[in-house]
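Structure data (mmCIF, C-alpha atoms) from query_34.cif:
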```cif
data_work
#
loop_
_atom_site.group_PDB
_atom_site.id
_atom_site.type_symbol
_atom_site.label_atom_id
_atom_site.label_comp_id
_atom_site.auth_asym_id
_atom_site.auth_seq_id
_atom_site.Cartn_x
_atom_site.Cartn_y
_atom_site.Cartn_z
ATOM 1 C CA MET A 288 75.806 -74.772 -128.663
ATOM 2 C CA SER A 289 76.948 -73.677 -125.189
ATOM 3 C CA GLU A 290 76.389 -75.952 -122.210
ATOM 4 C CA ASP A 291 73.770 -73.555 -120.861
ATOM 5 C CA ALA A 292 71.813 -73.342 -124.120
ATOM 6 C CA THR A 293 68.320 -74.787 -124.035
ATOM 7 C CA PRO A 294 67.780 -77.606 -126.564
ATOM 8 C CA ALA A 295 65.393 -76.755 -129.364
ATOM 9 C CA PHE A 296 61.778 -77.770 -128.686
ATOM 10 C CA ARG A 297 60.703 -80.761 -130.754
ATOM 11 C CA SER A 298 57.162 -81.705 -131.680
ATOM 12 C CA GLY A 299 55.442 -83.961 -134.135
ATOM 13 C CA PHE A 300 53.133 -86.830 -134.873
ATOM 14 C CA VAL A 301 53.566 -90.610 -134.767
ATOM 15 C CA ALA A 302 50.955 -92.947 -136.229
ATOM 16 C CA LEU A 303 50.506 -96.395 -134.698
ATOM 17 C CA VAL A 304 49.458 -98.830 -137.419
ATOM 18 C CA GLY A 305 49.063 -102.579 -137.637
ATOM 19 C CA ARG A 306 46.593 -105.409 -137.775
ATOM 20 C CA PRO A 307 43.639 -105.503 -135.332
ATOM 21 C CA SER A 308 44.380 -106.379 -131.698
ATOM 22 C CA VAL A 309 48.160 -105.782 -131.819
ATOM 23 C CA GLY A 310 48.025 -103.443 -128.817
ATOM 24 C CA LYS A 311 47.915 -99.959 -130.343
ATOM 25 C CA SER A 312 45.421 -98.515 -127.866
ATOM 26 C CA THR A 313 47.125 -100.182 -124.903
ATOM 27 C CA LEU A 314 50.418 -98.573 -125.932
ATOM 28 C CA VAL A 315 48.728 -95.189 -126.290
ATOM 29 C CA ASN A 316 47.343 -95.391 -122.750
ATOM 30 C CA ALA A 317 50.720 -96.492 -121.372
ATOM 31 C CA CYS A 318 52.470 -93.557 -123.057
ATOM 32 C CA VAL A 319 49.957 -91.010 -121.781
ATOM 33 C CA GLY A 320 49.818 -92.540 -118.298
ATOM 34 C CA GLU A 321 46.035 -92.589 -118.205
ATOM 35 C CA LYS A 322 43.126 -94.098 -120.092
ATOM 36 C CA VAL A 323 42.304 -92.143 -123.236
ATOM 37 C CA ALA A 324 41.648 -95.038 -125.638
ATOM 38 C CA ILE A 325 39.314 -97.949 -124.993
ATOM 39 C CA THR A 326 40.638 -101.503 -125.124
ATOM 40 C CA SER A 327 39.074 -104.956 -125.354
ATOM 41 C CA PRO A 328 39.917 -108.438 -126.660
ATOM 42 C CA VAL A 329 37.569 -107.804 -129.592
ATOM 43 C CA ALA A 330 39.193 -107.093 -132.960
ATOM 44 C CA GLN A 331 38.591 -103.622 -134.398
ATOM 45 C CA THR A 332 37.757 -102.094 -131.036
ATOM 46 C CA THR A 333 39.232 -98.791 -132.282
ATOM 47 C CA ARG A 334 36.962 -97.081 -134.799
ATOM 48 C CA ARG A 335 37.958 -93.447 -134.540
ATOM 49 C CA ARG A 336 41.311 -91.842 -135.129
ATOM 50 C CA LEU A 337 42.397 -90.563 -131.731
ATOM 51 C CA ARG A 338 45.272 -88.202 -130.991
ATOM 52 C CA ALA A 339 46.920 -88.527 -127.594
ATOM 53 C CA VAL A 340 49.351 -85.903 -126.321
ATOM 54 C CA VAL A 341 52.558 -86.739 -124.435
ATOM 55 C CA ASN A 342 54.919 -84.065 -123.105
ATOM 56 C CA ILE A 343 58.461 -85.303 -122.449
ATOM 57 C CA ASP A 344 61.950 -83.762 -122.203
ATOM 58 C CA ASN A 345 61.397 -80.467 -124.040
ATOM 59 C CA ALA A 346 59.209 -82.162 -126.640
ATOM 60 C CA GLN A 347 55.563 -82.747 -127.390
ATOM 61 C CA LEU A 348 54.650 -86.028 -129.024
ATOM 62 C CA VAL A 349 51.217 -86.542 -130.559
ATOM 63 C CA ILE A 350 50.428 -90.251 -130.860
ATOM 64 C CA VAL A 351 47.770 -91.125 -133.414
ATOM 65 C CA ASP A 352 45.856 -94.298 -132.551
ATOM 66 C CA THR A 353 44.308 -95.833 -135.671
ATOM 67 C CA PRO A 354 41.841 -98.642 -136.411
ATOM 68 C CA GLY A 355 43.385 -102.047 -137.096
ATOM 69 C CA LEU A 356 43.999 -102.687 -140.794
ATOM 70 C CA HIS A 357 41.976 -105.656 -142.035
ATOM 71 C CA LYS A 358 40.105 -107.079 -145.002
ATOM 72 C CA PRO A 359 36.849 -105.076 -144.939
ATOM 73 C CA LYS A 360 33.482 -106.829 -145.155
ATOM 74 C CA ASP A 361 31.247 -103.750 -145.184
ATOM 75 C CA ALA A 362 31.229 -99.962 -145.579
ATOM 76 C CA LEU A 363 32.346 -99.489 -141.976
ATOM 77 C CA GLY A 364 35.411 -101.674 -142.522
ATOM 78 C CA LYS A 365 36.362 -99.706 -145.624
ATOM 79 C CA GLU A 366 36.118 -96.420 -143.697
ATOM 80 C CA LEU A 367 38.249 -97.777 -140.842
ATOM 81 C CA ASN A 368 40.985 -98.789 -143.290
ATOM 82 C CA LYS A 369 40.825 -95.392 -144.995
ATOM 83 C CA THR A 370 41.180 -93.706 -141.604
ATOM 84 C CA ALA A 371 44.251 -95.756 -140.660
ATOM 85 C CA LEU A 372 46.004 -95.436 -144.019
ATOM 86 C CA GLY A 373 45.178 -91.748 -144.243
ATOM 87 C CA GLU A 374 47.178 -91.043 -141.089
ATOM 88 C CA LEU A 375 50.359 -92.323 -142.767
ATOM 89 C CA ALA A 376 50.228 -89.433 -145.222
ATOM 90 C CA ASP A 377 51.275 -86.693 -142.820
ATOM 91 C CA VAL A 378 53.205 -87.969 -139.785
ATOM 92 C CA ASP A 379 56.824 -87.686 -138.737
ATOM 93 C CA VAL A 380 57.070 -91.269 -137.504
ATOM 94 C CA ALA A 381 55.233 -94.372 -138.686
ATOM 95 C CA ALA A 382 55.260 -97.039 -135.981
ATOM 96 C CA PHE A 383 54.369 -100.492 -137.311
ATOM 97 C CA LEU A 384 53.112 -102.692 -134.457
ATOM 98 C CA ILE A 385 53.370 -106.485 -134.630
ATOM 99 C CA ASP A 386 52.073 -108.823 -131.927
ATOM 100 C CA ALA A 387 54.864 -111.000 -130.511
ATOM 101 C CA THR A 388 52.445 -113.909 -130.044
ATOM 102 C CA ARG A 389 50.867 -114.061 -133.519
ATOM 103 C CA PRO A 390 52.710 -115.312 -136.614
ATOM 104 C CA VAL A 391 53.564 -112.645 -139.178
ATOM 105 C CA GLY A 392 51.287 -113.202 -142.154
ATOM 106 C CA ARG A 393 49.769 -111.757 -145.294
ATOM 107 C CA GLY A 394 47.953 -109.063 -143.328
ATOM 108 C CA ASP A 395 51.263 -107.789 -141.982
ATOM 109 C CA GLU A 396 52.751 -107.889 -145.487
ATOM 110 C CA TRP A 397 49.894 -105.708 -146.715
ATOM 111 C CA VAL A 398 50.389 -103.210 -143.883
ATOM 112 C CA ALA A 399 54.169 -103.186 -144.481
ATOM 113 C CA LYS A 400 53.672 -102.160 -148.115
ATOM 114 C CA HIS A 401 51.714 -99.094 -147.031
ATOM 115 C CA VAL A 402 54.173 -98.184 -144.271
ATOM 116 C CA ALA A 403 57.132 -98.550 -146.654
ATOM 117 C CA ALA A 404 55.399 -96.357 -149.233
ATOM 118 C CA SER A 405 54.409 -93.670 -146.730
ATOM 119 C CA ARG A 406 56.079 -90.251 -146.630
ATOM 120 C CA ALA A 407 56.935 -90.631 -142.937
ATOM 121 C CA PRO A 408 60.686 -89.885 -142.701
ATOM 122 C CA PHE A 409 61.211 -92.357 -139.828
ATOM 123 C CA LYS A 410 59.771 -95.866 -139.744
ATOM 124 C CA LEU A 411 59.865 -97.798 -136.470
ATOM 125 C CA LEU A 412 59.153 -101.480 -135.879
ATOM 126 C CA VAL A 413 57.419 -102.164 -132.558
ATOM 127 C CA ILE A 414 57.033 -105.753 -131.344
ATOM 128 C CA THR A 415 54.248 -105.710 -128.740
ATOM 129 C CA LYS A 416 53.016 -107.977 -125.930
ATOM 130 C CA ALA A 417 56.516 -109.111 -124.984
ATOM 131 C CA ASP A 418 55.195 -110.209 -121.588
ATOM 132 C CA LEU A 419 53.119 -112.917 -123.289
ATOM 133 C CA ALA A 420 55.911 -114.287 -125.493
ATOM 134 C CA THR A 421 59.123 -116.216 -124.986
ATOM 135 C CA SER A 422 62.452 -114.710 -126.013
ATOM 136 C CA GLU A 423 62.502 -117.190 -128.900
ATOM 137 C CA GLN A 424 59.084 -115.976 -130.102
ATOM 138 C CA VAL A 425 60.208 -112.370 -129.930
ATOM 139 C CA GLU A 426 63.359 -113.086 -131.943
ATOM 140 C CA THR A 427 61.315 -115.003 -134.530
ATOM 141 C CA GLN A 428 58.957 -112.039 -134.890
ATOM 142 C CA LEU A 429 61.835 -109.610 -135.259
ATOM 143 C CA GLU A 430 63.368 -111.685 -138.046
ATOM 144 C CA ALA A 431 60.025 -112.082 -139.821
ATOM 145 C CA ALA A 432 59.279 -108.359 -139.533
ATOM 146 C CA ARG A 433 62.700 -107.366 -140.871
ATOM 147 C CA ALA A 434 61.941 -109.440 -143.957
ATOM 148 C CA LEU A 435 58.828 -107.362 -144.653
ATOM 149 C CA MET A 436 60.572 -104.011 -145.156
ATOM 150 C CA ASP A 437 63.515 -101.878 -144.070
ATOM 151 C CA PHE A 438 62.977 -100.162 -140.732
ATOM 152 C CA ASP A 439 64.997 -97.252 -139.355
ATOM 153 C CA ASP A 440 64.893 -98.715 -135.855
ATOM 154 C CA GLU A 441 63.116 -101.373 -133.813
ATOM 155 C CA ILE A 442 61.973 -101.909 -130.241
ATOM 156 C CA VAL A 443 60.259 -104.628 -128.197
ATOM 157 C CA VAL A 444 57.642 -103.452 -125.685
ATOM 158 C CA SER A 445 55.033 -104.627 -123.225
ATOM 159 C CA ALA A 446 52.599 -101.777 -122.756
ATOM 160 C CA SER A 447 50.597 -103.617 -120.097
ATOM 161 C CA GLU A 448 53.756 -104.142 -118.023
ATOM 162 C CA GLY A 449 55.329 -100.775 -118.853
ATOM 163 C CA PHE A 450 58.348 -102.473 -120.403
ATOM 164 C CA ASN A 451 60.281 -100.186 -122.782
ATOM 165 C CA VAL A 452 57.436 -97.655 -122.989
ATOM 166 C CA ASP A 453 59.771 -94.819 -121.963
ATOM 167 C CA SER A 454 62.343 -96.064 -124.477
ATOM 168 C CA PHE A 455 59.690 -96.018 -127.199
ATOM 169 C CA LEU A 456 58.906 -92.387 -126.370
ATOM 170 C CA LYS A 457 62.583 -91.411 -126.368
ATOM 171 C CA ILE A 458 63.219 -93.040 -129.751
ATOM 172 C CA VAL A 459 60.248 -91.276 -131.295
ATOM 173 C CA CYS A 460 61.017 -87.883 -129.731
ATOM 174 C CA ALA A 461 64.614 -88.058 -130.958
ATOM 175 C CA HIS A 462 63.296 -88.153 -134.532
ATOM 176 C CA LEU A 463 60.741 -85.368 -134.294
ATOM 177 C CA PRO A 464 61.473 -82.073 -136.046
ATOM 178 C CA GLU A 465 61.840 -78.766 -134.236
ATOM 179 C CA GLY A 466 58.389 -77.297 -133.938
ATOM 180 C CA PRO A 467 55.677 -75.640 -131.839
ATOM 181 C CA ARG A 468 53.618 -77.011 -128.975
ATOM 182 C CA TRP A 469 50.550 -78.199 -130.867
ATOM 183 C CA PHE A 470 48.344 -78.783 -127.811
ATOM 184 C CA PRO A 471 48.144 -77.321 -124.275
ATOM 185 C CA ASP A 472 50.179 -79.109 -121.590
ATOM 186 C CA ASP A 473 47.061 -80.283 -119.752
ATOM 187 C CA MET A 474 45.367 -81.768 -122.831
ATOM 188 C CA ALA A 475 45.642 -85.560 -123.022
ATOM 189 C CA THR A 476 43.601 -86.119 -126.181
ATOM 190 C CA ASP A 477 41.806 -84.231 -128.935
ATOM 191 C CA ALA A 478 38.682 -86.399 -128.585
ATOM 192 C CA THR A 479 35.526 -84.507 -127.575
ATOM 193 C CA ASP A 480 33.689 -85.282 -124.348
ATOM 194 C CA GLU A 481 30.860 -86.823 -126.358
ATOM 195 C CA GLU A 482 33.264 -89.081 -128.251
ATOM 196 C CA LEU A 483 34.934 -90.280 -125.043
ATOM 197 C CA ILE A 484 31.565 -90.961 -123.399
ATOM 198 C CA SER A 485 30.401 -92.982 -126.413
ATOM 199 C CA GLU A 486 33.617 -94.988 -126.485
ATOM 200 C CA TYR A 487 33.597 -95.743 -122.749
ATOM 201 C CA ILE A 488 30.053 -97.100 -123.067
ATOM 202 C CA ARG A 489 30.914 -99.156 -126.159
ATOM 203 C CA GLU A 490 33.929 -100.629 -124.375
ATOM 204 C CA LYS A 491 31.673 -101.989 -121.626
ATOM 205 C CA VAL A 492 29.367 -103.532 -124.213
ATOM 206 C CA LEU A 493 32.360 -105.232 -125.867
ATOM 207 C CA LEU A 494 33.669 -106.541 -122.553
ATOM 208 C CA ASN A 495 30.308 -107.862 -121.345
ATOM 209 C CA CYS A 496 28.532 -109.014 -124.514
ATOM 210 C CA ARG A 497 30.790 -111.313 -126.522
ATOM 211 C CA GLN A 498 28.564 -113.590 -128.644
ATOM 212 C CA GLU A 499 27.342 -111.851 -131.809
ATOM 213 C CA VAL A 500 27.114 -108.305 -130.504
ATOM 214 C CA PRO A 501 30.592 -106.648 -130.607
ATOM 215 C CA HIS A 502 30.998 -105.842 -134.307
ATOM 216 C CA SER A 503 27.358 -104.781 -134.645
ATOM 217 C CA VAL A 504 27.275 -102.277 -131.801
ATOM 218 C CA ALA A 505 27.721 -98.522 -131.944
ATOM 219 C CA VAL A 506 27.083 -95.854 -129.343
ATOM 220 C CA ARG A 507 25.867 -92.311 -129.814
ATOM 221 C CA CYS A 508 26.016 -89.706 -127.048
ATOM 222 C CA ASP A 509 22.736 -87.806 -127.386
ATOM 223 C CA ASP A 510 22.857 -85.245 -124.582
ATOM 224 C CA VAL A 511 25.161 -83.986 -121.813
ATOM 225 C CA ARG A 512 23.829 -81.546 -119.223
ATOM 226 C CA TRP A 513 25.437 -80.097 -116.131
ATOM 227 C CA ALA A 514 23.487 -79.077 -113.028
ATOM 228 C CA PRO A 515 24.465 -76.033 -110.919
ATOM 229 C CA ASP A 516 25.797 -78.411 -108.237
ATOM 230 C CA GLY A 517 28.268 -79.904 -110.742
ATOM 231 C CA HIS A 518 26.466 -83.180 -111.298
ATOM 232 C CA GLY A 519 26.106 -84.385 -114.881
ATOM 233 C CA SER A 520 23.213 -85.983 -116.733
ATOM 234 C CA ILE A 521 24.021 -87.992 -119.860
ATOM 235 C CA GLU A 522 21.736 -89.693 -122.361
ATOM 236 C CA ALA A 523 23.175 -92.167 -124.885
ATOM 237 C CA THR A 524 21.875 -94.675 -127.407
ATOM 238 C CA ILE A 525 23.369 -98.094 -128.045
ATOM 239 C CA LEU A 526 22.740 -99.168 -131.638
ATOM 240 C CA VAL A 527 22.598 -102.816 -132.731
ATOM 241 C CA GLU A 528 21.547 -104.401 -136.002
ATOM 242 C CA ARG A 529 19.077 -107.086 -134.895
ATOM 243 C CA ALA A 530 16.384 -107.590 -132.262
ATOM 244 C CA GLY A 531 18.260 -110.592 -130.864
ATOM 245 C CA GLN A 532 21.298 -108.405 -130.228
ATOM 246 C CA LYS A 533 19.121 -105.868 -128.445
ATOM 247 C CA ALA A 534 17.867 -108.629 -126.151
ATOM 248 C CA ILE A 535 21.460 -109.634 -125.352
ATOM 249 C CA VAL A 536 22.499 -106.069 -124.511
ATOM 250 C CA ILE A 537 19.449 -105.526 -122.278
ATOM 251 C CA GLY A 538 19.764 -108.953 -120.658
ATOM 252 C CA LYS A 539 17.310 -110.877 -118.525
ATOM 253 C CA GLY A 540 15.340 -108.462 -116.422
ATOM 254 C CA GLY A 541 17.529 -105.620 -117.691
ATOM 255 C CA GLN A 542 20.541 -106.911 -115.745
ATOM 256 C CA MET A 543 23.049 -106.593 -118.600
ATOM 257 C CA ILE A 544 22.219 -103.007 -119.505
ATOM 258 C CA LYS A 545 22.398 -102.099 -115.802
ATOM 259 C CA LYS A 546 25.861 -103.678 -115.584
ATOM 260 C CA ILE A 547 27.047 -101.873 -118.720
ATOM 261 C CA GLY A 548 25.702 -98.568 -117.442
ATOM 262 C CA SER A 549 27.223 -98.985 -113.983
ATOM 263 C CA GLU A 550 30.689 -99.824 -115.323
ATOM 264 C CA ALA A 551 30.609 -97.048 -117.930
ATOM 265 C CA ARG A 552 29.403 -94.505 -115.377
ATOM 266 C CA LYS A 553 32.449 -95.173 -113.167
ATOM 267 C CA ASP A 554 34.812 -94.404 -116.050
ATOM 268 C CA ILE A 555 32.851 -91.308 -117.035
ATOM 269 C CA GLU A 556 32.772 -90.029 -113.446
ATOM 270 C CA TYR A 557 36.537 -90.485 -113.241
ATOM 271 C CA LEU A 558 36.928 -88.635 -116.549
ATOM 272 C CA PHE A 559 34.950 -85.602 -115.405
ATOM 273 C CA GLY A 560 35.634 -85.783 -111.670
ATOM 274 C CA ALA A 561 31.909 -85.473 -110.978
ATOM 275 C CA LYS A 562 28.847 -87.542 -110.148
ATOM 276 C CA ILE A 563 27.019 -88.653 -113.285
ATOM 277 C CA TYR A 564 23.515 -89.871 -114.048
ATOM 278 C CA LEU A 565 23.690 -92.076 -117.151
ATOM 279 C CA ALA A 566 20.573 -93.084 -119.106
ATOM 280 C CA LEU A 567 21.016 -95.705 -121.817
ATOM 281 C CA GLU A 568 18.605 -96.703 -124.571
ATOM 282 C CA VAL A 569 19.104 -99.678 -126.899
ATOM 283 C CA ARG A 570 17.786 -99.301 -130.438
ATOM 284 C CA VAL A 571 17.797 -101.581 -133.473
ATOM 285 C CA GLN A 572 19.252 -99.957 -136.602
ATOM 286 C CA PRO A 573 19.299 -102.706 -139.285
ATOM 287 C CA GLN A 574 22.556 -102.967 -141.288
ATOM 288 C CA TRP A 575 23.882 -99.639 -140.022
ATOM 289 C CA ARG A 576 27.436 -100.796 -140.858
ATOM 290 C CA ARG A 577 26.485 -100.723 -144.549
ATOM 291 C CA ASP A 578 24.827 -97.307 -144.350
ATOM 292 C CA GLN A 579 27.322 -94.584 -145.249
ATOM 293 C CA ASN A 580 25.097 -91.857 -143.808
ATOM 294 C CA GLU A 581 24.767 -93.632 -140.455
ATOM 295 C CA ILE A 582 28.516 -94.273 -140.365
ATOM 296 C CA ARG A 583 29.067 -90.542 -140.916
ATOM 297 C CA ARG A 584 26.552 -89.563 -138.230
ATOM 298 C CA LEU A 585 28.345 -91.821 -135.743
ATOM 299 C CA GLY A 586 31.690 -90.218 -136.572
ATOM 300 C CA TYR A 587 33.229 -93.430 -137.939
ATOM 301 C CA ASP A 588 33.887 -92.100 -141.457
ATOM 302 C CA ALA A 589 37.421 -91.319 -142.599
ATOM 303 C CA GLY A 590 36.569 -87.714 -143.452
ATOM 304 C CA GLU A 591 38.307 -85.728 -146.143
#
```

Written as structure tokens, that's how I'd like the structure from this file.
Amino acid sequence: MSEDATPAFRSGFVALVGRPSVGKSTLVNACVGEKVAITSPVAQTTRRRLRAVVNIDNAQLVIVDTPGLHKPKDALGKELNKTALGELADVDVAAFLIDATRPVGRGDEWVAKHVAASRAPFKLLVITKADLATSEQVETQLEAARALMDFDDEIVVSASEGFNVDSFLKIVCAHLPEGPRWFPDDMATDATDEELISEYIREKVLLNCRQEVPHSVAVRCDDVRWAPDGHGSIEATILVERAGQKAIVIGKGGQMIKKIGSEARKDIEYLFGAKIYLALEVRVQPQWRRDQNEIRRLGYDAGE
């Protein structure tokens, strides 16, 4: 190749997999440079497979954020695992994330078996949350992770601090095949507007209503309308499984639902760059997490 020749364009997909709360969504947002995936301290915050697009150095990287792999207790949990494992079937890079602050255990062993067996030609170990761990903890995690399976490369990152995020992208891009630009340059994610709205609202419920609510809540975006002046009007329903949970989400005198709506509206207005009117309803849907039809209607099923 001559010095003036343009390097071949590379493109491909990398799946982020690991146990719940290892920092997959935080890493996605750090790579993209903006918020496309919701985050919270609650395990299994991610319920939908989300593709985020990063354009870097004559390459387009599509990062697939997946639900945390866990021992399922209901139909929803089984679908989340199917979604995560299904992404390993057709990616160029499988990135196995392990939290630097949590001991490597049987859950990681289970994930490692699936990563090792996947058809991904490049398997990358990513130790996350380095800012919260000592150097000794990080080294211990690296040694424990190496014992799980053979990795092609490894990296230690802190997505919240931006540490080694660029290096992560460079490692992944170097192992992508030559290929087309799968998404337009200005497209940050393949999620629909309705999906992003639902997730932003659910994030605020998770952050404000700890207690018994988080795992029982779902959000459905019912209607989005745009006025001639550019203002938006959105109607959404927050689903819970019990009347007591509904009371928690609404709060005394409706203060909690107002807080959730106000915080979600700010994110949604930033997303669309427009003023938004957001109307929220809270409805009890008993045992929806065990109802396959309801899981499908909410878009939480693994699909084909």

Check which residues of segment 453-524 of chain A sit at most 8 Å from segment 380-403 of chain A using all atoms listed in the file, and return one row each with the closest pair of atoms and their distance in Å to one decimal, ordered by chain and rising number, as JSON lines.
```
{"residue": "A:Val459", "atom": "CA", "partner": "A:Val380", "partner_atom": "CA", "distance": 7.0}
{"residue": "A:His462", "atom": "CA", "partner": "A:Val380", "partner_atom": "CA", "distance": 7.6}
{"residue": "A:Leu463", "atom": "CA", "partner": "A:Val380", "partner_atom": "CA", "distance": 7.7}
```

For segment 437-442 of chain A: contacts at 8 Å, only C-alpha atoms, fewer than 4 positions along chain excluded, given as a PDB file with C-alpha atoms, in the coordinates of the input:
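Produced file out_4.pdb, reproduced below:
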```pdb
ATOM      1  CA  ALA A 403      57.132 -98.550-146.654  1.00  0.00           C
ATOM      2  CA  PHE A 409      61.211 -92.357-139.828  1.00  0.00           C
ATOM      3  CA  LYS A 410      59.771 -95.866-139.744  1.00  0.00           C
ATOM      4  CA  LEU A 411      59.865 -97.798-136.470  1.00  0.00           C
ATOM      5  CA  LEU A 412      59.153-101.480-135.879  1.00  0.00           C
ATOM      6  CA  VAL A 413      57.419-102.164-132.558  1.00  0.00           C
ATOM      7  CA  ILE A 414      57.033-105.753-131.344  1.00  0.00           C
ATOM      8  CA  ARG A 433      62.700-107.366-140.871  1.00  0.00           C
ATOM      9  CA  ASN A 451      60.281-100.186-122.782  1.00  0.00           C
ATOM     10  CA  PHE A 455      59.690 -96.018-127.199  1.00  0.00           C
TER      11      PHE A 455
END
```

## Note on the structure
Across A:Thr415, A:Asn345, A:Gln532, A:Ser422, the smallest distance to Phe450 of chain A, with all atoms listed in the file counted, is shown by A:Thr415

### Query
Which residues fall under the PyMOL selection byres ((chain A and resi 551-556) around 9) in this file, as a list in words?
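That expression, the PyMOL selection byres ((chain A and resi 551-556) around 9), corresponds here to Leu483, Ile484, Tyr487, Ile488, Arg489, Glu490, Lys491, Gly519, Lys546, Ile547, Gly548, Ser549, Glu550, Tyr557, Leu558, Phe559, Gly560, Ala561, Lys562, Ile563, Tyr564 and Leu565 of chain A.
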
#### Entry: Residue among A:Thr427, A:Arg338, A:Glu321, A:Asn495 lying closest to Met543 of chain A, counting all atoms listed in the file
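The closest residue to Met543 of chain A is A:Asn495.
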
#### Entry: Protein and nucleic acid residues near (49.3, -89.3, -147.5) (cut-off 10 Å, only C-alpha atoms) as a list in words
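Nearby residues: Leu372, Gly373, Glu374, Leu375, Ala376, Asp377, Val378, Ala404, Ser405, Arg406 and Ala407 of chain A.
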
### Message
Could you tell me how far atom CA of Cys318 of chain A sits from atom CA of Pro467 of chain A, in Å to one decimal place?
### Response
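Interatomic distance, atom CA of Pro467 of chain A to atom CA of Cys318 of chain A: 20.2 Å.
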
### Message
To test your reading of the syntax: which residues would the PyMOL selection byres ((chain A and resi 361) around 12) return for the file shown? Reply as a ChimeraX atom specification.
### Response
/A:357-360,362-368,502-503,574-579,582

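Interatomic distance, atom CA of Pro573 of chain A to atom CA of Val506 of chain A: 14.4 Å.
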
### Task
One decimal, Å: what's the distance from atom CA of Ala339 of chain A over to atom CA of Val309 of chain A, could you say?
17.8 Å

### Test item: residues at most 10 Å from Ala461 of chain A, all atoms listed in the file, excluding those fewer than 2 positions along its chain, as an MDAnalysis selection string
chainID A and resid 297:298 346 456:459 463:464

### Matched chain/residue IDs from the PyMOL selection byres ((chain A and resi 511) around 12), as a list in words
Thr479, Asp480, Glu481, Glu482, Ile484, Ser485, Arg507, Cys508, Asp509, Asp510, Arg512, Trp513, Ala514, His518, Gly519, Ser520, Ile521, Glu522, Ala523, Ile555, Phe559, Ile563, Tyr564, Leu565 and Ala566 of chain A

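Once Cys460 of chain A and its same-chain neighbours fewer than 6 positions away are set aside, Ala295, Phe296, Arg297, Ser298, Gly299, Phe300, Val301, Val341, Asn342, Ile343, Asp344, Asn345, Ala346, Gln347, Leu348, Val349, Ile350, Asp379, Val380, Phe409, Asp453, Ser454 and Gly466 of chain A remain within 12 Å of it when counting all atoms listed in the file.
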
#### Entry: Which residue of A:Arg497, A:Ala534, A:Thr524, A:Ile544 approaches Glu568 of chain A most closely, using all atoms listed in the file
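Using all atoms listed in the file, the shortest distance to Glu568 of chain A belongs to A:Thr524.
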
### Task
Could you check which of A:Arg570, A:Arg306, A:Lys311, A:Arg334 is closest to Lys416 of chain A, using all atoms listed in the file?
A:Lys311

#### Entry: Counting all atoms listed in the file, the option among A:Val304, A:Val351, A:Leu494, A:Val340 closest to Arg468 of chain A
A:Val340

Atom completion result for segment 435-446 of chain A (N, CA and C atoms) as a short mmCIF file (atom, residue, chain, number, x, y, z; two decimals), in the frame of the given file:
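In the end it all went to rebuild-v2.cif:
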```cif
data_model
loop_
_atom_site.label_atom_id
_atom_site.label_comp_id
_atom_site.auth_asym_id
_atom_site.auth_seq_id
_atom_site.Cartn_x
_atom_site.Cartn_y
_atom_site.Cartn_z
N LEU A 435 59.94 -108.05 -144.01
CA LEU A 435 58.83 -107.36 -144.65
C LEU A 435 59.26 -106.06 -145.32
N MET A 436 60.15 -105.32 -144.66
CA MET A 436 60.57 -104.01 -145.16
C MET A 436 61.79 -103.55 -144.35
N ASP A 437 62.38 -102.45 -144.79
CA ASP A 437 63.52 -101.88 -144.07
C ASP A 437 63.01 -100.86 -143.05
N PHE A 438 63.35 -101.08 -141.80
CA PHE A 438 62.98 -100.16 -140.73
C PHE A 438 64.19 -99.32 -140.34
N ASP A 439 63.93 -98.11 -139.83
CA ASP A 439 65.00 -97.25 -139.35
C ASP A 439 65.45 -97.64 -137.95
N ASP A 440 64.55 -98.25 -137.20
CA ASP A 440 64.89 -98.72 -135.85
C ASP A 440 63.83 -99.72 -135.42
N GLU A 441 64.07 -100.38 -134.31
CA GLU A 441 63.12 -101.37 -133.81
C GLU A 441 63.15 -101.39 -132.29
N ILE A 442 62.05 -101.82 -131.69
CA ILE A 442 61.97 -101.91 -130.24
C ILE A 442 60.94 -102.97 -129.86
N VAL A 443 61.18 -103.63 -128.75
CA VAL A 443 60.26 -104.63 -128.20
C VAL A 443 59.64 -104.04 -126.94
N VAL A 444 58.31 -104.07 -126.83
CA VAL A 444 57.64 -103.45 -125.68
C VAL A 444 56.59 -104.38 -125.08
N SER A 445 56.22 -104.08 -123.86
CA SER A 445 55.03 -104.63 -123.22
C SER A 445 54.32 -103.45 -122.59
N ALA A 446 53.30 -102.96 -123.26
CA ALA A 446 52.60 -101.78 -122.76
C ALA A 446 51.88 -102.08 -121.45
#
```
